[in-house]
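Shown below: run-v5.txt, with compact mmCIF, C-alpha atoms.
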# COMPACT_ATOMS: atom_id res chain seq x y z
CA MET A 24 12.61 16.96 8.96
CA TYR A 25 13.12 13.97 11.17
CA ALA A 26 15.16 14.03 14.30
CA GLU A 27 17.69 11.23 14.06
CA PHE A 28 16.89 7.96 15.77
CA ASP A 29 18.04 4.36 15.95
CA LEU A 30 15.70 1.55 14.96
CA GLU A 31 15.80 -1.97 16.38
CA THR A 32 13.80 -4.77 14.73
CA PRO A 33 13.98 -7.71 17.17
CA GLU A 34 12.25 -11.03 16.57
CA ARG A 35 11.89 -12.06 20.19
CA LEU A 36 9.84 -10.33 22.87
CA GLU A 37 12.72 -10.62 25.39
CA ASP A 38 15.00 -8.71 23.03
CA ALA A 39 12.44 -5.93 22.58
CA LEU A 40 11.96 -5.67 26.35
CA ALA A 41 15.74 -5.55 26.85
CA VAL A 42 16.03 -2.59 24.50
CA LEU A 43 13.22 -0.80 26.34
CA ALA A 44 14.81 -1.58 29.72
CA ASN A 45 18.14 -0.08 28.69
CA GLY A 46 16.61 3.12 27.45
CA ASP A 47 17.53 5.49 30.30
CA GLY A 48 14.11 7.06 30.33
CA ALA A 49 11.53 8.06 27.78
CA ALA A 50 13.76 8.37 24.72
CA VAL A 51 13.00 4.79 23.60
CA LEU A 52 9.57 4.16 22.10
CA PRO A 53 7.91 0.92 20.96
CA LEU A 54 6.80 1.01 17.30
CA ALA A 55 3.82 -1.22 16.47
CA GLY A 56 1.67 -0.46 13.42
CA GLY A 57 3.18 3.00 13.08
CA THR A 58 -0.08 4.53 11.91
CA ASN A 59 0.13 7.24 14.56
CA LEU A 60 3.79 7.13 15.49
CA VAL A 61 5.25 7.58 12.00
CA VAL A 62 2.89 10.51 11.36
CA ASP A 63 3.97 12.11 14.65
CA LEU A 64 7.65 11.54 13.80
CA ARG A 65 7.30 13.23 10.45
CA ALA A 66 5.42 16.16 11.98
CA GLY A 67 8.16 16.57 14.60
CA ARG A 68 5.71 16.03 17.46
CA ILE A 69 7.95 13.34 18.91
CA ALA A 70 11.73 12.96 18.74
CA PRO A 71 12.76 9.60 20.22
CA ASN A 72 16.41 8.51 20.32
CA ARG A 73 15.48 4.95 19.55
CA LEU A 74 12.49 2.96 18.26
CA VAL A 75 11.88 -0.72 18.90
CA SER A 76 9.79 -2.21 16.12
CA LEU A 77 7.42 -4.95 17.32
CA GLY A 78 6.55 -5.94 13.74
CA ARG A 79 8.43 -9.25 13.82
CA ILE A 80 7.20 -10.37 17.24
CA ASP A 81 4.40 -12.77 16.38
CA ALA A 82 4.27 -13.96 20.02
CA LEU A 83 2.22 -10.82 20.69
CA ARG A 84 -0.34 -11.51 17.93
CA TRP A 85 -3.12 -13.93 18.93
CA ILE A 86 -6.74 -14.08 20.09
CA ARG A 87 -8.05 -16.88 22.30
CA ARG A 88 -10.81 -17.93 24.65
CA THR A 89 -9.53 -19.34 27.95
CA ASP A 90 -10.93 -19.80 31.47
CA GLY A 91 -14.07 -17.79 30.89
CA ARG A 92 -12.16 -14.91 29.33
CA ILE A 93 -11.37 -13.60 25.89
CA ALA A 94 -7.72 -12.59 25.64
CA LEU A 95 -5.60 -11.18 22.86
CA GLY A 96 -1.98 -10.24 22.33
CA GLY A 97 -1.10 -6.56 22.14
CA ARG A 98 0.09 -6.69 18.54
CA THR A 99 -3.24 -8.09 17.32
CA THR A 100 -4.27 -5.82 14.45
CA ILE A 101 -7.62 -4.14 13.92
CA SER A 102 -8.14 -6.39 10.88
CA ASP A 103 -7.43 -9.45 13.06
CA LEU A 104 -10.39 -8.39 15.25
CA LEU A 105 -12.65 -8.35 12.19
CA ARG A 106 -11.59 -11.88 11.22
CA SER A 107 -12.07 -13.43 14.67
CA ALA A 108 -15.08 -15.63 15.49
CA GLU A 109 -14.48 -15.09 19.23
CA ILE A 110 -14.58 -11.32 18.88
CA ALA A 111 -17.69 -11.48 16.69
CA GLN A 112 -19.46 -13.62 19.27
CA TYR A 113 -18.36 -12.02 22.53
CA ALA A 114 -17.39 -8.45 21.67
CA PRO A 115 -19.65 -7.01 18.96
CA ALA A 116 -18.80 -3.55 20.37
CA LEU A 117 -15.19 -4.13 19.27
CA VAL A 118 -16.38 -5.19 15.82
CA ASP A 119 -18.47 -2.00 15.62
CA ALA A 120 -15.33 0.01 16.44
CA ALA A 121 -13.00 -1.93 14.14
CA ARG A 122 -15.34 -1.46 11.16
CA VAL A 123 -15.09 2.34 11.40
CA PHE A 124 -11.37 2.43 12.26
CA GLY A 125 -9.26 4.29 9.67
CA GLY A 126 -9.17 2.55 6.30
CA GLN A 127 -8.18 -0.98 5.29
CA MET A 128 -4.44 -0.29 5.14
CA VAL A 129 -4.49 1.36 8.58
CA ARG A 130 -6.53 -1.52 10.03
CA ASN A 131 -4.03 -4.03 8.59
CA ALA A 132 -1.16 -2.32 10.41
CA ALA A 133 -2.60 -0.67 13.53
CA THR A 134 -2.70 -2.73 16.73
CA VAL A 135 -5.01 -2.97 19.73
CA ALA A 136 -2.20 -2.14 22.17
CA GLY A 137 -1.12 0.76 19.98
CA ASN A 138 -4.59 2.25 19.99
CA ILE A 139 -4.62 2.13 23.80
CA ALA A 140 -1.00 3.27 24.24
CA CYS A 141 -1.37 6.34 22.02
CA GLY A 142 -3.69 7.66 24.67
CA SER A 143 -6.00 9.65 22.42
CA PRO A 144 -9.36 10.34 24.10
CA ALA A 145 -10.86 9.54 20.68
CA ALA A 146 -9.19 6.10 20.37
CA ASP A 147 -12.09 3.98 19.14
CA LEU A 148 -11.19 0.65 20.73
CA VAL A 149 -11.03 2.05 24.25
CA PRO A 150 -14.76 2.62 24.98
CA PRO A 151 -15.66 -0.92 23.83
CA LEU A 152 -12.86 -2.41 25.95
CA LEU A 153 -13.93 -0.30 28.94
CA CYS A 154 -17.52 -1.51 28.64
CA LEU A 155 -16.23 -5.10 28.55
CA ASP A 156 -14.32 -4.58 31.85
CA ALA A 157 -10.99 -5.25 30.13
CA ASP A 158 -7.67 -5.60 31.93
CA VAL A 159 -4.33 -4.82 30.31
CA VAL A 160 -1.10 -6.66 31.06
CA LEU A 161 1.99 -4.45 31.18
CA THR A 162 5.16 -6.44 30.60
CA SER A 163 8.75 -5.34 31.11
CA ALA A 164 12.06 -7.17 31.39
CA ALA A 165 11.46 -7.22 35.16
CA GLY A 166 8.05 -8.91 34.99
CA ALA A 167 4.37 -8.34 34.29
CA ARG A 168 1.51 -6.61 36.07
CA THR A 169 -2.19 -6.49 35.32
CA VAL A 170 -4.20 -3.28 35.63
CA PRO A 171 -7.86 -2.59 34.85
CA LEU A 172 -8.21 -0.50 31.70
CA ALA A 173 -10.59 1.69 33.73
CA ALA A 174 -7.59 2.70 35.91
CA TYR A 175 -5.01 2.85 33.09
CA PHE A 176 -5.49 6.44 31.92
CA THR A 177 -4.52 9.12 34.42
CA GLY A 178 -5.32 12.18 32.30
CA TYR A 179 -5.02 13.59 28.79
CA LYS A 180 -2.54 11.28 27.04
CA THR A 181 -1.08 10.17 30.37
CA ASP A 182 -1.25 6.63 31.68
CA LEU A 183 0.25 4.03 34.00
CA ARG A 184 2.63 2.49 31.46
CA ARG A 185 6.30 2.95 32.31
CA PRO A 186 8.66 3.61 29.38
CA ASP A 187 10.16 0.12 29.77
CA GLU A 188 6.77 -1.61 29.56
CA LEU A 189 4.70 -2.92 26.68
CA ILE A 190 0.97 -3.58 26.66
CA SER A 191 1.43 -7.27 25.98
CA GLU A 192 -2.09 -8.57 26.52
CA ILE A 193 -5.69 -7.37 26.82
CA SER A 194 -8.43 -9.60 28.24
CA TRP A 195 -11.95 -9.46 29.62
CA PRO A 196 -14.41 -11.83 31.29
CA ILE A 197 -17.20 -13.52 29.36
CA PRO A 198 -20.38 -12.56 31.27
CA ALA A 199 -22.22 -15.52 32.81
CA ALA A 200 -25.66 -13.94 32.28
CA PRO A 201 -27.17 -13.12 28.88
CA SER A 202 -25.54 -9.88 27.80
CA ALA A 203 -25.18 -7.52 24.88
CA ASN A 204 -22.59 -4.92 23.98
CA GLN A 205 -22.31 -2.41 21.18
CA PHE A 206 -20.52 0.77 20.12
CA TYR A 207 -21.42 3.74 17.98
CA LYS A 208 -18.94 6.19 16.52
CA LEU A 209 -20.37 9.55 15.60
CA ALA A 210 -18.10 11.19 13.01
CA ARG A 211 -18.28 12.99 9.69
CA ARG A 212 -17.76 9.73 7.80
CA LYS A 213 -17.69 6.06 8.69
CA GLY A 214 -14.10 5.55 7.53
CA ASP A 215 -10.95 7.61 7.91
CA ALA A 216 -12.42 10.11 10.39
CA ILE A 217 -11.68 11.21 13.94
CA THR A 218 -14.52 10.53 16.36
CA VAL A 219 -16.78 13.37 17.52
CA THR A 220 -18.49 11.21 20.15
CA GLY A 221 -18.02 7.51 20.82
CA VAL A 222 -20.39 5.54 23.06
CA ALA A 223 -20.02 1.88 24.05
CA ILE A 224 -22.48 0.05 26.27
CA SER A 225 -22.75 -3.40 27.75
CA ILE A 226 -25.62 -4.79 29.80
CA SER A 227 -26.34 -8.17 31.38
CA VAL A 228 -29.88 -9.26 32.19
CA THR A 229 -31.09 -11.92 34.66
CA ASN A 230 -34.79 -12.61 35.30
CA GLY A 231 -35.82 -9.40 33.62
CA VAL A 232 -33.46 -7.25 35.68
CA CYS A 233 -30.38 -5.41 34.43
CA THR A 234 -27.67 -6.85 36.67
CA THR A 235 -24.67 -5.14 35.09
CA ALA A 236 -24.51 -1.94 33.07
CA ARG A 237 -21.43 -0.37 31.53
CA ILE A 238 -21.43 2.92 29.65
CA ALA A 239 -18.10 4.10 28.23
CA LEU A 240 -17.57 7.38 26.43
CA GLY A 241 -14.89 8.46 23.95
CA ALA A 242 -13.81 11.91 22.74
CA VAL A 243 -15.83 13.73 25.42
CA SER A 244 -13.27 13.93 28.27
CA PRO A 245 -9.47 14.12 28.66
CA ALA A 246 -9.37 10.31 28.51
CA ALA A 247 -12.04 7.79 27.59
CA MET A 248 -14.27 7.36 30.65
CA ARG A 249 -16.99 5.30 32.29
CA ALA A 250 -20.30 7.06 33.06
CA ARG A 251 -20.56 5.40 36.46
CA GLY A 252 -23.48 7.46 37.69
CA ALA A 253 -25.56 6.49 34.67
CA GLU A 254 -24.54 2.84 35.09
CA ALA A 255 -25.70 2.90 38.73
CA LEU A 256 -29.13 4.20 37.69
CA LEU A 257 -29.66 1.10 35.56
CA GLU A 258 -28.19 -1.72 37.65
CA GLY A 259 -30.69 -3.70 39.70
CA HIS A 260 -33.73 -2.54 37.74
CA ALA A 261 -36.00 -3.68 34.97
CA LEU A 262 -35.27 -1.00 32.40
CA THR A 263 -38.07 1.32 31.33
CA PRO A 264 -37.96 4.03 28.66
CA ALA A 265 -38.02 6.64 31.43
CA LEU A 266 -35.10 5.06 33.28
CA ILE A 267 -33.07 4.71 30.09
CA GLU A 268 -33.78 8.35 29.25
CA GLU A 269 -32.61 9.32 32.73
CA ALA A 270 -29.38 7.33 32.28
CA GLY A 271 -28.71 9.09 28.98
CA ARG A 272 -29.18 12.45 30.63
CA ARG A 273 -26.90 11.44 33.50
CA ALA A 274 -24.14 10.27 31.12
CA ALA A 275 -24.31 13.65 29.37
CA GLU A 276 -23.86 15.37 32.75
CA GLU A 277 -20.90 13.18 33.65
CA CYS A 278 -18.85 13.75 30.50
CA ARG A 279 -16.44 16.68 30.19
CA PRO A 280 -16.30 17.58 26.50
CA ILE A 281 -14.49 20.48 24.87
CA ASP A 282 -15.18 22.66 21.85
CA ASP A 283 -12.85 21.81 19.01
CA ILE A 284 -12.64 21.80 15.21
CA ARG A 285 -14.93 18.75 14.99
CA ALA A 286 -17.81 19.77 17.27
CA SER A 287 -18.89 21.97 20.15
CA ALA A 288 -18.99 20.73 23.73
CA ASP A 289 -22.78 21.28 23.74
CA TYR A 290 -23.24 19.09 20.68
CA ARG A 291 -21.07 16.37 22.18
CA ARG A 292 -23.11 16.38 25.39
CA HIS A 293 -26.32 16.18 23.40
CA THR A 294 -25.03 13.24 21.38
CA VAL A 295 -23.82 11.39 24.51
CA HIS A 296 -27.40 11.66 25.81
CA VAL A 297 -29.00 10.48 22.56
CA LEU A 298 -26.52 7.69 21.78
CA THR A 299 -26.49 6.28 25.32
CA ARG A 300 -30.30 6.14 25.31
CA ARG A 301 -30.39 4.59 21.84
CA LEU A 302 -27.78 1.89 22.48
CA ILE A 303 -29.24 0.87 25.87
CA ASN A 304 -32.73 0.72 24.34
CA GLU A 305 -31.52 -1.53 21.53
CA ALA A 306 -29.59 -3.85 23.84
CA TRP A 307 -32.45 -4.08 26.34
CA ALA A 308 -34.95 -4.85 23.56
CA ARG A 309 -32.75 -7.73 22.43
CA LEU A 310 -32.29 -9.23 25.90
CA ALA A 311 -35.45 -8.59 27.90
CA MET B 2 23.48 7.56 16.16
CA SER B 3 21.27 7.50 13.12
CA ARG B 4 23.12 5.48 10.54
CA GLU B 5 22.43 3.83 7.24
CA LYS B 6 22.10 0.07 7.01
CA THR B 7 22.21 -2.09 3.93
CA ILE B 8 18.98 -4.06 3.71
CA VAL B 9 17.43 -6.40 1.17
CA LEU B 10 13.94 -5.55 -0.05
CA GLU B 11 12.08 -8.11 -2.14
CA VAL B 12 9.90 -6.14 -4.51
CA ASN B 13 7.70 -7.94 -7.04
CA GLY B 14 9.89 -11.03 -6.69
CA ARG B 15 13.16 -9.16 -7.29
CA ARG B 16 15.68 -8.55 -4.53
CA HIS B 17 17.15 -5.07 -4.11
CA ARG B 18 20.17 -4.45 -1.86
CA ALA B 19 20.39 -0.83 -0.80
CA ALA B 20 21.44 1.33 2.13
CA PHE B 21 18.82 3.40 3.90
CA PRO B 22 18.70 5.41 7.13
CA PRO B 23 16.26 4.18 9.81
CA HIS B 24 13.73 6.95 9.18
CA ARG B 25 13.36 6.12 5.47
CA THR B 26 9.76 5.07 4.79
CA LEU B 27 9.01 2.15 2.52
CA LEU B 28 7.32 4.61 0.15
CA GLU B 29 10.47 6.71 -0.14
CA ALA B 30 12.69 3.64 -0.46
CA LEU B 31 10.56 2.10 -3.21
CA ARG B 32 10.52 5.30 -5.24
CA GLU B 33 14.30 5.69 -4.79
CA LEU B 34 14.67 2.17 -6.16
CA GLY B 35 12.66 3.16 -9.23
CA HIS B 36 9.26 1.81 -8.24
CA VAL B 37 7.48 5.05 -9.05
CA ASP B 38 4.25 3.15 -9.71
CA VAL B 39 3.79 3.56 -5.93
CA LYS B 40 2.28 7.02 -5.54
CA CYS B 41 2.98 9.57 -2.82
CA GLY B 42 -0.19 11.26 -1.62
CA CYS B 43 -0.92 12.54 1.87
CA GLU B 44 1.98 10.77 3.65
CA LYS B 45 -0.13 10.25 6.76
CA GLY B 46 -2.27 7.22 6.08
CA ASP B 47 -5.43 8.97 4.93
CA CYS B 48 -5.43 8.66 1.12
CA GLY B 49 -4.18 5.14 0.27
CA ALA B 50 -2.28 6.20 -2.87
CA CYS B 51 0.90 4.54 -1.56
CA ALA B 52 -0.66 1.16 -0.75
CA VAL B 53 1.44 -1.95 -1.39
CA LEU B 54 0.95 -5.58 -0.44
CA LEU B 55 3.21 -6.73 2.39
CA ASP B 56 3.08 -10.54 2.52
CA GLY B 57 -0.22 -10.27 0.67
CA GLU B 58 -1.88 -7.70 2.91
CA ALA B 59 -2.34 -4.06 1.90
CA VAL B 60 -0.54 -1.44 3.99
CA ASP B 61 0.26 2.24 3.52
CA SER B 62 3.93 2.32 2.53
CA CYS B 63 4.16 5.92 3.81
CA LEU B 64 3.56 4.64 7.39
CA THR B 65 5.96 1.70 7.10
CA LEU B 66 9.64 2.17 7.87
CA ALA B 67 11.75 0.51 5.16
CA TRP B 68 13.87 -1.50 7.61
CA THR B 69 10.75 -3.21 8.98
CA ALA B 70 9.85 -4.51 5.50
CA GLU B 71 13.08 -6.51 5.17
CA GLY B 72 12.40 -10.22 4.64
CA ARG B 73 8.80 -9.66 3.61
CA ALA B 74 7.30 -9.95 0.11
CA ILE B 75 6.48 -6.48 -1.21
CA THR B 76 4.08 -6.24 -4.17
CA THR B 77 3.40 -2.98 -5.99
CA ILE B 78 0.82 -2.41 -8.70
CA ALA B 79 3.47 -3.26 -11.35
CA GLY B 80 3.95 -6.59 -9.61
CA LEU B 81 0.32 -7.50 -10.30
CA GLY B 82 0.51 -6.80 -14.02
CA GLY B 83 1.17 -4.20 -16.68
CA ALA B 84 0.09 -2.96 -20.08
CA THR B 85 1.05 -6.14 -21.92
CA SER B 86 -0.29 -8.60 -19.36
CA PRO B 87 -2.74 -6.76 -17.13
CA HIS B 88 -4.08 -8.20 -13.93
CA PRO B 89 -7.87 -8.76 -14.10
CA LEU B 90 -8.42 -5.77 -11.79
CA GLN B 91 -6.29 -3.55 -14.02
CA GLU B 92 -8.15 -4.75 -17.10
CA ALA B 93 -11.57 -4.23 -15.48
CA PHE B 94 -10.66 -0.78 -14.08
CA ALA B 95 -9.53 0.35 -17.56
CA ARG B 96 -12.44 -1.12 -19.50
CA LEU B 97 -15.16 0.07 -17.09
CA GLY B 98 -13.81 3.59 -16.64
CA ALA B 99 -12.88 3.09 -12.98
CA ALA B 100 -9.72 5.16 -13.49
CA GLN B 101 -9.89 8.83 -14.40
CA CYS B 102 -6.91 10.97 -13.38
CA GLY B 103 -5.33 7.71 -12.24
CA TYR B 104 -3.39 8.93 -9.22
CA CYS B 105 -5.34 6.85 -6.71
CA THR B 106 -5.69 3.84 -9.02
CA PRO B 107 -2.58 1.85 -7.96
CA GLY B 108 -3.69 2.08 -4.33
CA LEU B 109 -7.31 1.22 -5.13
CA ILE B 110 -6.26 -1.88 -7.07
CA ILE B 111 -3.85 -2.99 -4.33
CA ALA B 112 -6.60 -2.55 -1.69
CA SER B 113 -9.07 -4.45 -3.92
CA GLU B 114 -6.58 -7.27 -4.47
CA SER B 115 -5.97 -7.49 -0.71
CA LEU B 116 -9.75 -7.91 -0.28
CA LEU B 117 -10.12 -10.51 -3.04
CA ARG B 118 -7.29 -12.62 -1.63
CA LYS B 119 -9.43 -13.08 1.49
CA THR B 120 -12.88 -13.46 -0.02
CA ASN B 121 -14.20 -14.54 -3.40
CA ASN B 122 -17.65 -13.04 -3.10
CA PRO B 123 -17.54 -9.71 -1.28
CA ASP B 124 -20.84 -7.85 -0.97
CA ASP B 125 -20.91 -4.07 -1.38
CA ASP B 126 -20.47 -3.63 2.36
CA ALA B 127 -17.22 -5.63 2.27
CA ILE B 128 -15.99 -3.66 -0.76
CA ARG B 129 -16.84 -0.38 0.95
CA LEU B 130 -14.97 -1.50 4.08
CA ALA B 131 -11.94 -2.58 2.03
CA LEU B 132 -11.76 0.69 0.07
CA SER B 133 -12.47 3.01 3.03
CA GLY B 134 -8.81 4.08 3.13
CA ASN B 135 -8.56 5.03 -0.55
CA LEU B 136 -9.55 8.55 -1.51
CA CYS B 137 -10.68 9.08 -5.11
CA ARG B 138 -12.03 12.50 -6.04
CA CYS B 139 -12.77 11.70 -9.72
CA THR B 140 -14.85 8.57 -10.06
CA GLY B 141 -17.32 8.74 -7.20
CA TYR B 142 -16.43 5.04 -6.75
CA THR B 143 -19.41 3.73 -8.75
CA LYS B 144 -17.30 2.30 -11.53
CA VAL B 145 -14.64 1.18 -9.07
CA PHE B 146 -17.28 -0.96 -7.35
CA GLU B 147 -18.43 -2.32 -10.73
CA ALA B 148 -14.87 -3.36 -11.55
CA VAL B 149 -14.26 -5.05 -8.20
CA ARG B 150 -17.61 -6.87 -8.34
CA GLU B 151 -16.89 -8.11 -11.86
CA VAL B 152 -13.45 -9.47 -11.00
CA ALA B 153 -14.82 -11.06 -7.82
CA ARG B 154 -17.53 -12.84 -9.85
CA GLY B 155 -14.88 -14.08 -12.27
CA ARG B 156 -12.82 -15.56 -9.44
CA ALA B 157 -15.84 -17.05 -7.72
CA VAL B 158 -16.64 -19.14 -10.80
CA GLY B 159 -13.04 -20.34 -10.94
CA GLY B 160 -11.76 -17.74 -13.38
CA THR B 161 -8.30 -16.22 -13.58
CA GLN B 162 -6.07 -16.12 -10.50
Just dump the structure as structure tokens.
Amino acid sequence: MYAEFDLETPERLEDALAVLANGDGAAVLPLAGGTNLVVDLRAGRIAPNRLVSLGRIDALRWIRRTDGRIALGGRTTISDLLRSAEIAQYAPALVDAARVFGGQMVRNAATVAGNIACGSPAADLVPPLLCLDADVVLTSAAGARTVPLAAYFTGYKTDLRRPDELISEISWPIPAAPSANQFYKLARRKGDAITVTGVAISISVTNGVCTTARIALGAVSPAAMRARGAEALLEGHALTPALIEEAGRRAAEECRPIDDIRASADYRRHTVHVLTRRLINEAWARLA
Amino acid sequence: MSREKTIVLEVNGRRHRAAFPPHRTLLEALRELGHVDVKCGCEKGDCGACAVLLDGEAVDSCLTLAWTAEGRAITTIAGLGGATSPHPLQEAFARLGAAQCGYCTPGLIIASESLLRKTNNPDDDAIRLALSGNLCRCTGYTKVFEAVREVARGRAVGGTQ
């Protein structure tokens, strides 16, 4: 059965932030799409005293291109990503992730900020956003601060967000050089499945040299992570099959997977190697 | 602490006033109000049997708290049509054998309608994407796809609805 809780349904962001600020600690939780939170409530995994629904706060639901960046409001839904021309053009890795995210009804309700805030190492939007060098804006009644997504997670389901803060905005720079990004989710099915291994990559190429490389891994460590050693192998070089193979192997060494019901740690390492190599090869072939 | 609140839910164009506690899901509230055409399946957002349109967009009513649906237009399968005046999707599902045991059918039709309100000519990839949250263990989906394609063609040439 449910623990008892209060539910607020404010229409203005300030009102939602005020409820969070007056929470006396962690007993107040923001409720966005509810696709994780309501399941956890019913299962008794969480027992908040109060929920603040963000469902009526349209000020947090937008996608725009400004000042060389793509930015979106935290309550932007997964379906909103699939309908956006800006996302299609500048963040195909996010489109790849959104297409294999839950089912239609979940995508219509679930939000970008919610996917980050839930903190699952298998959250499918996080590797694409990491490979895009995304920042998140944390807003409270006292003000806002911006933190790199790469610094946001501090461990398994732990992060920098204070209980009185919301992830109000996510943004990333549009690369100046020709670039490509993509994501692959390895899972039992395309829809409605939890990720076994998720790999997102982004590379920029100038004069035949890979100037920037990002490799982000999901479901193979306590929190989604960058494979920085593998990235460093690629940056500053014209990519060859041997170098890309080496980067794949390095990414597999860097990840810290576990055995669980979905796959063994060995299998996850193997698939990090294969998928990193495959995605970098495809992106390089398109750009070079 | 946890207390009931009287809210107004607009279901299929009719307004219901009723008191619910904050943890009541929209699925539970709708069935309490007599809308048992909305089916209860997995209650965790995997099966799609409980799908309803909320302001025209399909959501799982099992993951929606009833209070958050106040002021929004809720459409269940019965709101699309019924035996005497079926919606084109209902008619096509029945005629083409896209319903077998029928438990998933309300959710499948709601998800299909949500798709067709956004696009008139979905390809199979778009249909697959739209129905990825609806589990059907009888039909194998082949006839479901036939029904959705047929209704989409009808709308594309300026047919019903």
Residues of chain A within 8 Å of chain B, using only C-alpha atoms, as a PyMOL selection string?
chain A and resi 25+27-30+32+56-58+61-62+76+78+122+125-129+131-132+214-215
Val222 (chain A) environment, 7 Å, all atoms listed in the file, sequence neighbours closer than 5 positions dropped, as number ranges by chain
A: 150, 206-208, 239-241, 295, 298-299
Gap from CA of Glu37 (chain A) to CA of Arg79 (chain A) - Å, one decimal
12.4 Å
In Å to one decimal, how far is CA of Gln112 (chain A) from CA of Thr218 (chain A)?
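CA of Gln112 (chain A) lies 24.8 Å from CA of Thr218 (chain A).
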I'd like the interatomic distance between CA of Gly98 (chain B) and CA of His36 (chain B), to a tenth of an Å.
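A separation of 24.6 Å between them.
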Using all atoms listed in the file, which residues sit within 8 Å of Val135 (chain A) once same-chain residues fewer than 5 positions away are excluded, as a PyMOL selection string?
chain A and resi 97-101+148
Could you list as a list in words every residue that has an atom within 12 Å of (1.6, -4.7, 33.6), using the file's coordinates and counting all atoms listed in the file?
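Looking at atoms near the point gives Gly97, Asp158, Val159, Val160, Leu161, Thr162, Ser163, Ala164, Ala165, Gly166, Ala167, Arg168, Thr169, Val170, Pro171, Leu172, Tyr175, Asp182, Leu183, Arg184, Arg185, Pro186, Asp187, Glu188, Leu189, Ile190, Ser191, Glu192 and Ile193 of chain A.
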Using the atoms already present, construct N, CA and C atoms for region 55-69 of chain B and hand them back as an mmCIF file, keeping the file's coordinate frame.
data_model
loop_
_atom_site.group_PDB
_atom_site.id
_atom_site.type_symbol
_atom_site.label_atom_id
_atom_site.label_comp_id
_atom_site.auth_asym_id
_atom_site.auth_seq_id
_atom_site.Cartn_x
_atom_site.Cartn_y
_atom_site.Cartn_z
ATOM 1 N N LEU B 55 2.088 -6.240 1.579
ATOM 2 C CA LEU B 55 3.210 -6.730 2.390
ATOM 3 C C LEU B 55 2.805 -8.134 2.821
ATOM 4 N N ASP B 56 3.504 -9.147 2.294
ATOM 5 C CA ASP B 56 3.080 -10.540 2.520
ATOM 6 C C ASP B 56 1.587 -10.707 2.211
ATOM 7 N N GLY B 57 1.141 -10.063 1.146
ATOM 8 C CA GLY B 57 -0.220 -10.270 0.670
ATOM 9 C C GLY B 57 -1.289 -9.390 1.280
ATOM 10 N N GLU B 58 -0.904 -8.555 2.243
ATOM 11 C CA GLU B 58 -1.880 -7.700 2.910
ATOM 12 C C GLU B 58 -1.551 -6.238 2.630
ATOM 13 N N ALA B 59 -2.586 -5.453 2.274
ATOM 14 C CA ALA B 59 -2.340 -4.060 1.900
ATOM 15 C C ALA B 59 -1.964 -3.212 3.110
ATOM 16 N N VAL B 60 -0.914 -2.420 2.962
ATOM 17 C CA VAL B 60 -0.540 -1.440 3.990
ATOM 18 C C VAL B 60 -0.182 -0.131 3.294
ATOM 19 N N ASP B 61 -0.209 0.960 4.051
ATOM 20 C CA ASP B 61 0.260 2.240 3.520
ATOM 21 C C ASP B 61 1.781 2.258 3.623
ATOM 22 N N SER B 62 2.459 2.350 2.473
ATOM 23 C CA SER B 62 3.930 2.320 2.530
ATOM 24 C C SER B 62 4.492 3.594 3.144
ATOM 25 N N CYS B 63 3.698 4.661 3.201
ATOM 26 C CA CYS B 63 4.160 5.920 3.810
ATOM 27 C C CYS B 63 4.259 5.803 5.325
ATOM 28 N N LEU B 64 3.553 4.812 5.918
ATOM 29 C CA LEU B 64 3.560 4.640 7.390
ATOM 30 C C LEU B 64 4.446 3.471 7.804
ATOM 31 N N THR B 65 5.131 2.872 6.831
ATOM 32 C CA THR B 65 5.960 1.700 7.100
ATOM 33 C C THR B 65 7.417 2.101 6.964
ATOM 34 N N LEU B 66 8.218 1.866 7.990
ATOM 35 C CA LEU B 66 9.640 2.170 7.870
ATOM 36 C C LEU B 66 10.313 1.067 7.055
ATOM 37 N N ALA B 67 11.177 1.458 6.126
ATOM 38 C CA ALA B 67 11.750 0.510 5.160
ATOM 39 C C ALA B 67 12.429 -0.671 5.856
ATOM 40 N N TRP B 68 13.148 -0.406 6.938
ATOM 41 C CA TRP B 68 13.870 -1.500 7.610
ATOM 42 C C TRP B 68 12.917 -2.594 8.068
ATOM 43 N N THR B 69 11.682 -2.207 8.442
ATOM 44 C CA THR B 69 10.750 -3.210 8.980
ATOM 45 C C THR B 69 10.147 -4.070 7.875
#
